[in-house]
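Enquirer: One structure follows; several queries about it will come next.
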Amino acid sequence: MDNILLRLDQIEQLIIEQSINNKEVLNFTEATKYLEVSASHLYKLTSANIIPFYKPNGKKLYFKREELNHWLLSNRFSTKEEIDSRARNFSFKKGGVLS
């Protein structure tokens, strides 16, 4: 019986995740699940205006999934290979040679 309840919980979670992935606008709770952050962390991000959000009527917070994706992919770090390639290109432009 416990195994069946566990499986039902897993199925319910999958349905919730699927519905979140199909929505364009997420409410606060859905955004915490989508971003995999705690509610307090998301409140900190919104209060500091670090993450884009909407607050119609000055009450509930809403988020556009597309903007959340853009925010998640901001501040990209270059790979070691990309850094090495830029260093080689810079050196060649300046007339030097890297070993």
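Residues in the structure tokens are named by chain (A, B, ... in the order shown) and by number from 1 within that chain; ligands are numbered from 1 in the order shown.
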List the spatial neighbours of A:Leu42 as a VMD selection string - criterion: any atom at most 10 Å away, only C-alpha atoms, same-chain residues fewer than 3 positions off excluded.
Expert: chain A and resid 28 to 29 31 to 32 35 to 39 45 to 48 50 to 51
Enquirer: Determine, counting only C-alpha atoms, which protein, DNA and RNA residues have an atom within 6 Å of an atom of stretch 53-66 of chain A; residues of the same chain fewer than 2 positions away are not included. Present the result as a PyMOL selection string.
Expert: chain A and resi 24-28+68-69
Enquirer: Using N, CA and C atoms, can you export the residues from the last selection as a short mmCIF file (atom, residue, chain, number, x, y, z; two decimals), in the first residue's frame?
Expert:
```
data_model
loop_
_atom_site.label_atom_id
_atom_site.label_comp_id
_atom_site.auth_asym_id
_atom_site.auth_seq_id
_atom_site.Cartn_x
_atom_site.Cartn_y
_atom_site.Cartn_z
N GLU A 24 2.61 29.83 -19.67
CA GLU A 24 3.44 30.98 -20.02
C GLU A 24 3.70 31.85 -18.80
N VAL A 25 2.70 31.99 -17.95
CA VAL A 25 2.80 32.81 -16.75
C VAL A 25 2.68 31.91 -15.52
N LEU A 26 3.63 32.05 -14.60
CA LEU A 26 3.66 31.22 -13.40
C LEU A 26 3.34 32.06 -12.18
N ASN A 27 2.63 31.47 -11.23
CA ASN A 27 2.43 32.15 -9.97
C ASN A 27 3.68 31.93 -9.09
N PHE A 28 3.68 32.49 -7.91
CA PHE A 28 4.86 32.43 -7.05
C PHE A 28 5.27 30.99 -6.72
N LEU A 68 12.09 34.02 -17.02
CA LEU A 68 12.84 33.22 -16.04
C LEU A 68 13.95 32.43 -16.72
N ASN A 69 13.64 31.86 -17.89
CA ASN A 69 14.67 31.13 -18.64
C ASN A 69 15.81 32.05 -19.02
#
```
Enquirer: Based on DSSP run over this structure's backbone, return all residues of stretch 18-91 of chain A in alpha helix (DSSP H), as number ranges by chain.
Expert: A: 18-22, 28-35, 39-47, 65-72, 80-91
Enquirer: Take the residues that were just selected and, keeping N, CA and C atoms, output them as a compact mmCIF listing (two decimals), in the first residue's frame.
Expert:
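Output (selection21.txt):
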```
# COMPACT_ATOMS: atom_id res chain seq x y z
N GLN A 18 4.66 19.02 -15.43
CA GLN A 18 4.23 19.13 -16.83
C GLN A 18 3.33 20.34 -17.03
N SER A 19 2.45 20.59 -16.10
CA SER A 19 1.56 21.75 -16.23
C SER A 19 2.34 23.05 -16.13
N ILE A 20 3.35 23.08 -15.28
CA ILE A 20 4.19 24.28 -15.15
C ILE A 20 4.94 24.54 -16.45
N ASN A 21 5.44 23.47 -17.08
CA ASN A 21 6.19 23.63 -18.32
C ASN A 21 5.32 24.08 -19.49
N ASN A 22 4.02 23.92 -19.38
CA ASN A 22 3.10 24.33 -20.44
C ASN A 22 2.54 25.73 -20.23
N PHE A 28 3.68 32.49 -7.91
CA PHE A 28 4.86 32.43 -7.05
C PHE A 28 5.27 30.99 -6.72
N THR A 29 4.30 30.18 -6.32
CA THR A 29 4.60 28.80 -5.94
C THR A 29 5.13 28.00 -7.12
N GLU A 30 4.54 28.20 -8.29
CA GLU A 30 5.01 27.50 -9.48
C GLU A 30 6.43 27.95 -9.85
N ALA A 31 6.71 29.23 -9.67
CA ALA A 31 8.05 29.75 -9.97
C ALA A 31 9.10 29.15 -9.04
N THR A 32 8.77 28.97 -7.77
CA THR A 32 9.75 28.35 -6.86
C THR A 32 10.06 26.93 -7.31
N LYS A 33 9.05 26.20 -7.74
CA LYS A 33 9.27 24.84 -8.22
C LYS A 33 10.04 24.84 -9.52
N TYR A 34 9.69 25.74 -10.43
CA TYR A 34 10.35 25.82 -11.73
C TYR A 34 11.84 26.17 -11.57
N LEU A 35 12.12 27.12 -10.70
CA LEU A 35 13.51 27.55 -10.48
C LEU A 35 14.26 26.66 -9.49
N ALA A 39 11.01 29.54 -1.21
CA ALA A 39 10.16 30.73 -1.27
C ALA A 39 10.90 31.95 -0.73
N SER A 40 11.65 31.78 0.35
CA SER A 40 12.36 32.92 0.93
C SER A 40 13.42 33.45 -0.04
N HIS A 41 14.08 32.55 -0.77
CA HIS A 41 15.09 32.98 -1.73
C HIS A 41 14.45 33.75 -2.89
N LEU A 42 13.32 33.26 -3.35
CA LEU A 42 12.64 33.95 -4.45
C LEU A 42 12.14 35.32 -3.98
N TYR A 43 11.65 35.42 -2.74
CA TYR A 43 11.26 36.72 -2.20
C TYR A 43 12.45 37.68 -2.15
N LYS A 44 13.61 37.17 -1.78
CA LYS A 44 14.82 38.02 -1.75
C LYS A 44 15.17 38.51 -3.15
N LEU A 45 15.07 37.61 -4.14
CA LEU A 45 15.37 38.00 -5.52
C LEU A 45 14.41 39.05 -6.03
N THR A 46 13.13 38.93 -5.67
CA THR A 46 12.15 39.92 -6.14
C THR A 46 12.28 41.23 -5.38
N SER A 47 12.51 41.17 -4.09
CA SER A 47 12.60 42.42 -3.32
C SER A 47 13.84 43.22 -3.70
N ARG A 65 7.56 32.63 -17.81
CA ARG A 65 8.51 31.52 -17.89
C ARG A 65 9.68 31.87 -18.81
N GLU A 66 9.39 32.52 -19.94
CA GLU A 66 10.43 32.90 -20.89
C GLU A 66 11.46 33.83 -20.25
N GLU A 67 10.99 34.78 -19.45
CA GLU A 67 11.91 35.70 -18.76
C GLU A 67 12.71 34.98 -17.69
N LEU A 68 12.09 34.02 -17.02
CA LEU A 68 12.84 33.22 -16.04
C LEU A 68 13.95 32.43 -16.72
N ASN A 69 13.64 31.86 -17.89
CA ASN A 69 14.67 31.13 -18.64
C ASN A 69 15.81 32.05 -19.02
N HIS A 70 15.48 33.24 -19.49
CA HIS A 70 16.52 34.21 -19.87
C HIS A 70 17.36 34.57 -18.65
N TRP A 71 16.73 34.79 -17.51
CA TRP A 71 17.44 35.12 -16.28
C TRP A 71 18.34 33.97 -15.85
N LEU A 72 17.82 32.75 -15.95
CA LEU A 72 18.62 31.58 -15.56
C LEU A 72 19.87 31.44 -16.41
N LYS A 80 37.15 26.66 -20.14
CA LYS A 80 38.61 26.81 -20.22
C LYS A 80 39.04 26.87 -21.69
N GLU A 81 38.44 26.04 -22.52
CA GLU A 81 38.77 26.01 -23.94
C GLU A 81 38.44 27.35 -24.61
N GLU A 82 37.30 27.96 -24.28
CA GLU A 82 36.94 29.26 -24.85
C GLU A 82 37.92 30.35 -24.42
N ILE A 83 38.31 30.32 -23.16
CA ILE A 83 39.27 31.31 -22.65
C ILE A 83 40.62 31.14 -23.34
N ASP A 84 41.07 29.91 -23.47
CA ASP A 84 42.34 29.64 -24.15
C ASP A 84 42.30 30.10 -25.60
N SER A 85 41.18 29.87 -26.28
CA SER A 85 41.04 30.27 -27.67
C SER A 85 41.09 31.79 -27.80
N ARG A 86 40.41 32.50 -26.90
CA ARG A 86 40.45 33.97 -26.94
C ARG A 86 41.85 34.49 -26.66
N ALA A 87 42.55 33.84 -25.74
CA ALA A 87 43.92 34.26 -25.43
C ALA A 87 44.83 34.07 -26.65
N ARG A 88 44.67 32.94 -27.34
CA ARG A 88 45.49 32.71 -28.55
C ARG A 88 45.17 33.76 -29.61
N ASN A 89 43.88 34.02 -29.83
CA ASN A 89 43.49 35.01 -30.84
C ASN A 89 43.99 36.40 -30.47
N PHE A 90 43.94 36.77 -29.22
CA PHE A 90 44.44 38.06 -28.77
C PHE A 90 45.93 38.17 -29.00
N SER A 91 46.65 37.11 -28.66
CA SER A 91 48.10 37.10 -28.82
C SER A 91 48.48 37.23 -30.29
```
Enquirer: To one decimal place in Å, what is the distance between atom CA of A:Glu12 and atom CA of A:Pro52?
Expert: 28.6 Å
